[in-house]
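A.B. asks: There's a structure below that I have some questions on.
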Number of protein chains: 2
Amino acid sequence: MLFPEGVAIDGVTGSVQPATARYAKRLSELRGLFQDERAQERAIVDRDDPVVYEVIDYRKAESDLCFGTTIMSPGKVGAEYYMTRGHFHQRRDRGEAYYTQSGEGLLLLESRAGESRTVEMRPGVCAFIPPDWAHRSINTGSEKLVFVWFCATDAGHEYGEIRERGMRRLVVERDGRMVVTDNPKFLGDGSKLA
Amino acid sequence: MLFPEGVAIDGVTGSVQPATARYAKRLSELRGLFQDERAQERAIVDRDDPVVYEVIDYRKAESDLCFGTTIMSPGKVGAEYYMTRGHFHQRRDRGEAYYTQSGEGLLLLESRAGESRTVEMRPGVCAFIPPDWAHRSINTGSEKLVFVWFCATDAGHEYGEIRERGMRRLVVERDGRMVVTDNPKFLGDGSKLA
C-alpha cells in the first residue's frame, strides 16, 4: 500500500529526498546529439567527460502520477548549448509539466505534425507540455538549470525518433546571444511545416 | 489542438498567468466544516465573511495533466486553523502532488481504510498524495500558505463523504502550538483504525 510522504526538493541543487531512482548523462553518452562531432570529442577529453544532465525520480509504480528533478549543467559543444536527448512519450495521450526552479533555459518542442515551439525556462515558469509534443530542454545560461517535472507514471519515454531524425530547430549562441535556427541535418519525414 | 505554453506562477501571491479558471471559498460557504459553529458565525460577521482559500486552475480538457495553485489565508475558527473542505478524488486511481511555495501548513490525509497521516507543508516540500487518500490542507502559520498542485485532469473531486462524516483528526492551536487531535464529532463507518 502507498502512503503519503513529504519529498524535499532543493530548487538550486535539484536534490530530491527521498528519491527512488537517478541517472546522469555524460557527454560521451550523447554522441550524435550535437552538430559539431569533433568539438564534442574534444570536449569529452578536455572536460573529462562531463555530466551534461542528471535526472532524479520520485516514482511509485502504484501511483498514476510521478515527479522529479532534472539538473542541467551549463556548457556548449561548438555553438550549441548543452541539451537533453529530447523525446516523445510512448503514450501519446500523456503530457507533462516542467516547473523551473533556478537557472535559465529554453524548452524546445515539436508536435507530431511537425510544428515547432519554444517556451522560456526561468524560475517560476511552469511549462505546459501537451500530449504528443516532443520536448528537449536546453541550458542557455551560465548556471545550473534546475526544474521539477510532473508526469503520468505510465507515460514512458520514446527517444528513438528524435535520435534518428533530430529536431527541426537548433539553439545556438551567436555573438554572445541565444538564437533559434533551422537544423541543417534534420531528416524530414515529409510533414515539415514552416 | 493544444499548444505548449509558459505559465508564470508567483509562489508568494499564488497568481497563475494565464489561468483557465478560479474560485474562492468564503467562510460563509464553509458552514459545517468547523467544530465551533458559533465562533464561525461570529467570524463571518466580524471579519466581513473572509476568503478562506482560493484555487486557480490551469486546466485543458484535452490534456491528461493539469495544475494550479491554492492560496490559503491565515486564520482560525475557535481553536481550529483555516482549512480546505477536504476531498477524495472521484477516480480512485488518481493521486496528486502538492508543492508548497510559501507559508506553512499541514496536509491531513486519510486512506479509504481509515488510516490518518499528516505531511508538513513548507517551501520546497512536495507532498505525495497517493491515489484514494482523502486530503485537506490546513494553514497553521501566520502568513498565506501557497502551494502548486499537479493532478490528472480526469481525477474529479468527491467532497460529499468528508463533508458528511468529517475527518478523524482535527488540527488545532493549544497554548500557541499546533496539535493534531481526534475529532470528537467524527461519524465513523466501522472501519476506524487507531
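Ordered as shown in the C-alpha cells, chains take letters A, B, and onward, while each chain numbers its residues from 1 and ligands are numbered from 1 in the order shown.
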Within 8 Å of chain B, which residues of chain A are there when counting only C-alpha atoms? Please give them as a PyMOL selection string.
C.D. replies: chain A and resi 2-11+63-65+93-97+109+117-121+124-131+150-152
A.B. asks: Please report, as a PyMOL selection string, each residue of stretch 97-144 of chain A to which DSSP assigns strand (DSSP E or B) when run on this structure's backbone.
C.D. replies: chain A and resi 97-102+105-111+116-121+125-129+133-139
A.B. asks: Hey, can you spit out that residue selection with N, CA and C atoms as a tab-separated table (two decimals), in the first residue's frame?
C.D. replies:
chain	number	residue	atom	x	y	z
A	97	ALA	N	4.47	18.60	-17.16
A	97	ALA	CA	4.70	19.98	-16.73
A	97	ALA	C	6.14	20.09	-16.24
A	98	TYR	N	6.84	21.14	-16.67
A	98	TYR	CA	8.22	21.41	-16.25
A	98	TYR	C	8.21	22.74	-15.50
A	99	TYR	N	8.48	22.67	-14.21
A	99	TYR	CA	8.41	23.86	-13.37
A	99	TYR	C	9.84	24.28	-13.02
A	100	THR	N	10.31	25.34	-13.65
A	100	THR	CA	11.70	25.75	-13.47
A	100	THR	C	11.90	26.39	-12.09
A	101	GLN	N	13.01	26.00	-11.44
A	101	GLN	CA	13.32	26.48	-10.09
A	101	GLN	C	14.51	27.42	-10.09
A	102	SER	N	15.52	27.15	-10.90
A	102	SER	CA	16.68	28.04	-10.95
A	102	SER	C	17.39	27.90	-12.29
A	105	GLY	N	16.82	28.69	-19.33
A	105	GLY	CA	16.93	27.79	-20.46
A	105	GLY	C	15.80	27.98	-21.44
A	106	LEU	N	15.78	27.07	-22.39
A	106	LEU	CA	14.72	27.09	-23.39
A	106	LEU	C	14.21	25.67	-23.53
A	107	LEU	N	12.90	25.55	-23.57
A	107	LEU	CA	12.28	24.27	-23.83
A	107	LEU	C	11.88	24.27	-25.31
A	108	LEU	N	12.41	23.31	-26.05
A	108	LEU	CA	12.15	23.21	-27.49
A	108	LEU	C	11.18	22.06	-27.70
A	109	LEU	N	10.10	22.34	-28.40
A	109	LEU	CA	9.04	21.34	-28.57
A	109	LEU	C	8.68	21.17	-30.03
A	110	GLU	N	8.17	19.99	-30.34
A	110	GLU	CA	7.73	19.69	-31.70
A	110	GLU	C	6.52	18.80	-31.66
A	111	SER	N	5.48	19.22	-32.32
A	111	SER	CA	4.28	18.37	-32.37
A	111	SER	C	4.51	17.21	-33.32
A	116	SER	N	6.97	23.52	-34.59
A	116	SER	CA	7.98	23.81	-33.56
A	116	SER	C	7.50	24.94	-32.66
A	117	ARG	N	7.81	24.82	-31.38
A	117	ARG	CA	7.53	25.88	-30.42
A	117	ARG	C	8.66	25.93	-29.41
A	118	THR	N	8.81	27.07	-28.75
A	118	THR	CA	9.73	27.17	-27.62
A	118	THR	C	8.99	27.79	-26.44
A	119	VAL	N	9.43	27.43	-25.26
A	119	VAL	CA	8.93	28.05	-24.03
A	119	VAL	C	10.15	28.43	-23.20
A	120	GLU	N	10.18	29.66	-22.78
A	120	GLU	CA	11.26	30.15	-21.94
A	120	GLU	C	11.24	29.44	-20.59
A	121	MET	N	12.40	29.00	-20.12
A	121	MET	CA	12.50	28.37	-18.81
A	121	MET	C	13.21	29.33	-17.87
A	125	VAL	N	8.31	29.79	-13.86
A	125	VAL	CA	7.54	29.45	-15.06
A	125	VAL	C	7.32	27.94	-15.12
A	126	CYS	N	6.07	27.56	-15.18
A	126	CYS	CA	5.70	26.15	-15.31
A	126	CYS	C	5.32	25.93	-16.77
A	127	ALA	N	6.15	25.17	-17.48
A	127	ALA	CA	5.89	24.94	-18.90
A	127	ALA	C	4.86	23.81	-19.05
A	128	PHE	N	3.82	24.09	-19.78
A	128	PHE	CA	2.81	23.09	-20.08
A	128	PHE	C	3.20	22.39	-21.38
A	129	ILE	N	3.40	21.08	-21.31
A	129	ILE	CA	3.78	20.27	-22.47
A	129	ILE	C	2.57	19.41	-22.82
A	133	TRP	N	3.71	16.04	-27.87
A	133	TRP	CA	4.71	17.01	-28.29
A	133	TRP	C	6.07	16.54	-27.79
A	134	ALA	N	7.01	16.33	-28.72
A	134	ALA	CA	8.38	16.02	-28.30
A	134	ALA	C	8.96	17.24	-27.58
A	135	HIS	N	9.85	16.98	-26.62
A	135	HIS	CA	10.39	18.10	-25.85
A	135	HIS	C	11.84	17.83	-25.48
A	136	ARG	N	12.60	18.90	-25.53
A	136	ARG	CA	14.03	18.89	-25.23
A	136	ARG	C	14.34	20.14	-24.42
A	137	SER	N	15.10	19.98	-23.35
A	137	SER	CA	15.47	21.13	-22.51
A	137	SER	C	16.89	21.55	-22.84
A	138	ILE	N	17.12	22.84	-22.83
A	138	ILE	CA	18.41	23.41	-23.23
A	138	ILE	C	18.82	24.44	-22.19
A	139	ASN	N	20.01	24.26	-21.64
A	139	ASN	CA	20.50	25.23	-20.66
A	139	ASN	C	21.22	26.36	-21.40
A.B. asks: Pick out the residues sitting within 12 Å of A:Arg47, and hand them over as a PyMOL selection string; count only C-alpha atoms, and ignore anything fewer than 5 positions along from it in its own chain.
C.D. replies: chain A and resi 26-28+39-42+52+75-77
A.B. asks: What does the file look like for those residues with all heavy atoms, as an mmCIF file, in the first residue's frame?
C.D. replies:
data_model
loop_
_atom_site.group_PDB
_atom_site.id
_atom_site.type_symbol
_atom_site.label_atom_id
_atom_site.label_comp_id
_atom_site.auth_asym_id
_atom_site.auth_seq_id
_atom_site.Cartn_x
_atom_site.Cartn_y
_atom_site.Cartn_z
ATOM 1 N N ARG A 26 26.465 11.595 -19.327
ATOM 2 C CA ARG A 26 27.723 12.257 -19.621
ATOM 3 C C ARG A 26 27.824 12.544 -21.112
ATOM 4 O O ARG A 26 27.113 11.948 -21.926
ATOM 5 C CB ARG A 26 28.895 11.381 -19.161
ATOM 6 C CG ARG A 26 28.974 11.268 -17.651
ATOM 7 C CD ARG A 26 30.164 10.459 -17.182
ATOM 8 N NE ARG A 26 30.218 10.456 -15.732
ATOM 9 C CZ ARG A 26 30.807 11.395 -14.991
ATOM 10 N NH1 ARG A 26 31.425 12.422 -15.582
ATOM 11 N NH2 ARG A 26 30.789 11.341 -13.678
ATOM 12 N N LEU A 27 28.734 13.447 -21.446
ATOM 13 C CA LEU A 27 28.850 13.887 -22.834
ATOM 14 C C LEU A 27 29.155 12.719 -23.784
ATOM 15 O O LEU A 27 28.680 12.691 -24.925
ATOM 16 C CB LEU A 27 29.930 14.979 -22.929
ATOM 17 C CG LEU A 27 29.970 15.809 -24.212
ATOM 18 C CD1 LEU A 27 28.603 16.421 -24.539
ATOM 19 C CD2 LEU A 27 31.024 16.902 -24.103
ATOM 20 N N SER A 28 29.909 11.729 -23.295
ATOM 21 C CA SER A 28 30.251 10.575 -24.156
ATOM 22 C C SER A 28 29.031 9.700 -24.446
ATOM 23 O O SER A 28 29.049 8.907 -25.385
ATOM 24 C CB SER A 28 31.334 9.729 -23.488
ATOM 25 O OG SER A 28 30.845 9.179 -22.283
ATOM 26 N N ALA A 39 34.058 18.851 -32.106
ATOM 27 C CA ALA A 39 34.046 19.647 -30.866
ATOM 28 C C ALA A 39 33.579 18.785 -29.689
ATOM 29 O O ALA A 39 34.090 18.916 -28.574
ATOM 30 C CB ALA A 39 33.115 20.858 -31.031
ATOM 31 N N GLN A 40 32.629 17.902 -29.948
ATOM 32 C CA GLN A 40 32.144 17.033 -28.864
ATOM 33 C C GLN A 40 33.247 16.072 -28.409
ATOM 34 O O GLN A 40 33.463 15.908 -27.207
ATOM 35 C CB GLN A 40 30.912 16.240 -29.327
ATOM 36 C CG GLN A 40 30.338 15.351 -28.217
ATOM 37 C CD GLN A 40 28.935 14.857 -28.506
ATOM 38 O OE1 GLN A 40 28.344 15.206 -29.528
ATOM 39 N NE2 GLN A 40 28.388 14.055 -27.614
ATOM 40 N N GLU A 41 33.959 15.471 -29.349
ATOM 41 C CA GLU A 41 35.041 14.543 -28.956
ATOM 42 C C GLU A 41 36.124 15.272 -28.170
ATOM 43 O O GLU A 41 36.652 14.749 -27.183
ATOM 44 C CB GLU A 41 35.637 13.862 -30.194
ATOM 45 C CG GLU A 41 34.657 12.924 -30.920
ATOM 46 C CD GLU A 41 34.057 11.848 -30.017
ATOM 47 O OE1 GLU A 41 34.766 11.338 -29.128
ATOM 48 O OE2 GLU A 41 32.852 11.543 -30.187
ATOM 49 N N ARG A 42 36.459 16.475 -28.619
ATOM 50 C CA ARG A 42 37.455 17.260 -27.885
ATOM 51 C C ARG A 42 36.973 17.575 -26.475
ATOM 52 O O ARG A 42 37.716 17.475 -25.506
ATOM 53 C CB ARG A 42 37.750 18.580 -28.619
ATOM 54 C CG ARG A 42 38.818 18.481 -29.708
ATOM 55 C CD ARG A 42 39.339 19.871 -30.087
ATOM 56 N NE ARG A 42 38.280 20.829 -30.364
ATOM 57 C CZ ARG A 42 37.693 21.021 -31.558
ATOM 58 N NH1 ARG A 42 38.062 20.294 -32.605
ATOM 59 N NH2 ARG A 42 36.752 21.926 -31.710
ATOM 60 N N VAL A 52 26.313 16.111 -18.399
ATOM 61 C CA VAL A 52 25.526 17.152 -19.072
ATOM 62 C C VAL A 52 24.219 17.381 -18.325
ATOM 63 O O VAL A 52 23.798 18.514 -18.134
ATOM 64 C CB VAL A 52 25.280 16.776 -20.547
ATOM 65 C CG1 VAL A 52 24.380 17.793 -21.234
ATOM 66 C CG2 VAL A 52 26.618 16.665 -21.280
ATOM 67 N N GLY A 75 26.989 24.832 -20.362
ATOM 68 C CA GLY A 75 28.085 24.469 -21.260
ATOM 69 C C GLY A 75 27.612 24.458 -22.700
ATOM 70 O O GLY A 75 26.415 24.571 -22.985
ATOM 71 N N LYS A 76 28.584 24.345 -23.591
ATOM 72 C CA LYS A 76 28.280 24.281 -25.027
ATOM 73 C C LYS A 76 29.163 23.230 -25.692
ATOM 74 O O LYS A 76 30.232 22.885 -25.185
ATOM 75 C CB LYS A 76 28.535 25.634 -25.702
ATOM 76 C CG LYS A 76 27.479 26.694 -25.412
ATOM 77 C CD LYS A 76 27.756 27.968 -26.204
ATOM 78 C CE LYS A 76 29.110 28.502 -25.820
ATOM 79 N NZ LYS A 76 29.467 29.757 -26.425
ATOM 80 N N VAL A 77 28.708 22.772 -26.838
ATOM 81 C CA VAL A 77 29.521 21.948 -27.733
ATOM 82 C C VAL A 77 29.506 22.685 -29.067
ATOM 83 O O VAL A 77 28.452 22.755 -29.719
ATOM 84 C CB VAL A 77 28.955 20.529 -27.879
ATOM 85 C CG1 VAL A 77 29.709 19.764 -28.961
ATOM 86 C CG2 VAL A 77 29.026 19.786 -26.554
#
A.B. asks: For the atom pair atom CA of A:Thr140 and atom CA of A:Gln90, what is the interatomic distance in Å to one decimal place?
C.D. replies: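 Between atom CA of A:Thr140 and atom CA of A:Gln90 the gap is 27.5 Å.
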A.B. asks: Do a neighbour search on B:Gly32 at 10 Å with only C-alpha atoms, toss out local chain neighbours closer than 5 positions, and write the hits as a PyMOL selection string.
C.D. replies: chain B and resi 37+40+85+163-164+166
A.B. asks: Quick one: distance from atom CA of A:Val172 to atom CA of A:Pro184 in Å, one decimal?
C.D. replies: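 Taking atom CA of A:Val172 as the start and atom CA of A:Pro184 as the end point, the length is 12.9 Å.
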A.B. asks: If you run DSSP on the backbone, which residues of stretch 5-180 of chain B are helix (DSSP H, G or I), as a list in words?
C.D. replies: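 DSSP on the backbone gives helix (DSSP H, G or I) at Leu27, Ser28, Glu29, Leu30, Glu37, Arg38, Ala39, Gln40, Glu41, Arg42, Ala43, Ile44, Val45, Asp46, Gly160, Glu161, Ile162, Arg163, Glu164 and Arg165 of chain B.
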A.B. asks: For the atom pair atom CA of A:Ile162 and atom CA of A:Val12, what is the interatomic distance in Å to one decimal place?
C.D. replies: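 These two atoms are separated by 29.1 Å.
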A.B. asks: Please provide as a JSON list (two decimals) with N, CA and C atoms, in the first residue's frame all residues within 8 Å of A:Tyr159, with the sequence filter that same-chain residues fewer than 5 positions apart are discarded (counting only C-alpha atoms).
C.D. replies:
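Contents of the output file around_37.json:
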[["chain", "number", "residue", "atom", "x", "y", "z"],
["A", 85, "ARG", "N", 18.37, 14.74, -24.52],
["A", 85, "ARG", "CA", 18.19, 14.00, -25.77],
["A", 85, "ARG", "C", 16.94, 14.42, -26.52],
["A", 86, "GLY", "N", 15.88, 14.71, -25.78],
["A", 86, "GLY", "CA", 14.60, 15.03, -26.41],
["A", 86, "GLY", "C", 13.82, 13.75, -26.64],
["A", 87, "HIS", "N", 12.53, 13.80, -26.37],
["A", 87, "HIS", "CA", 11.72, 12.58, -26.50],
["A", 87, "HIS", "C", 10.24, 12.89, -26.65],
["A", 88, "PHE", "N", 9.56, 11.97, -27.28],
["A", 88, "PHE", "CA", 8.10, 11.87, -27.18],
["A", 88, "PHE", "C", 7.78, 10.95, -26.00]]
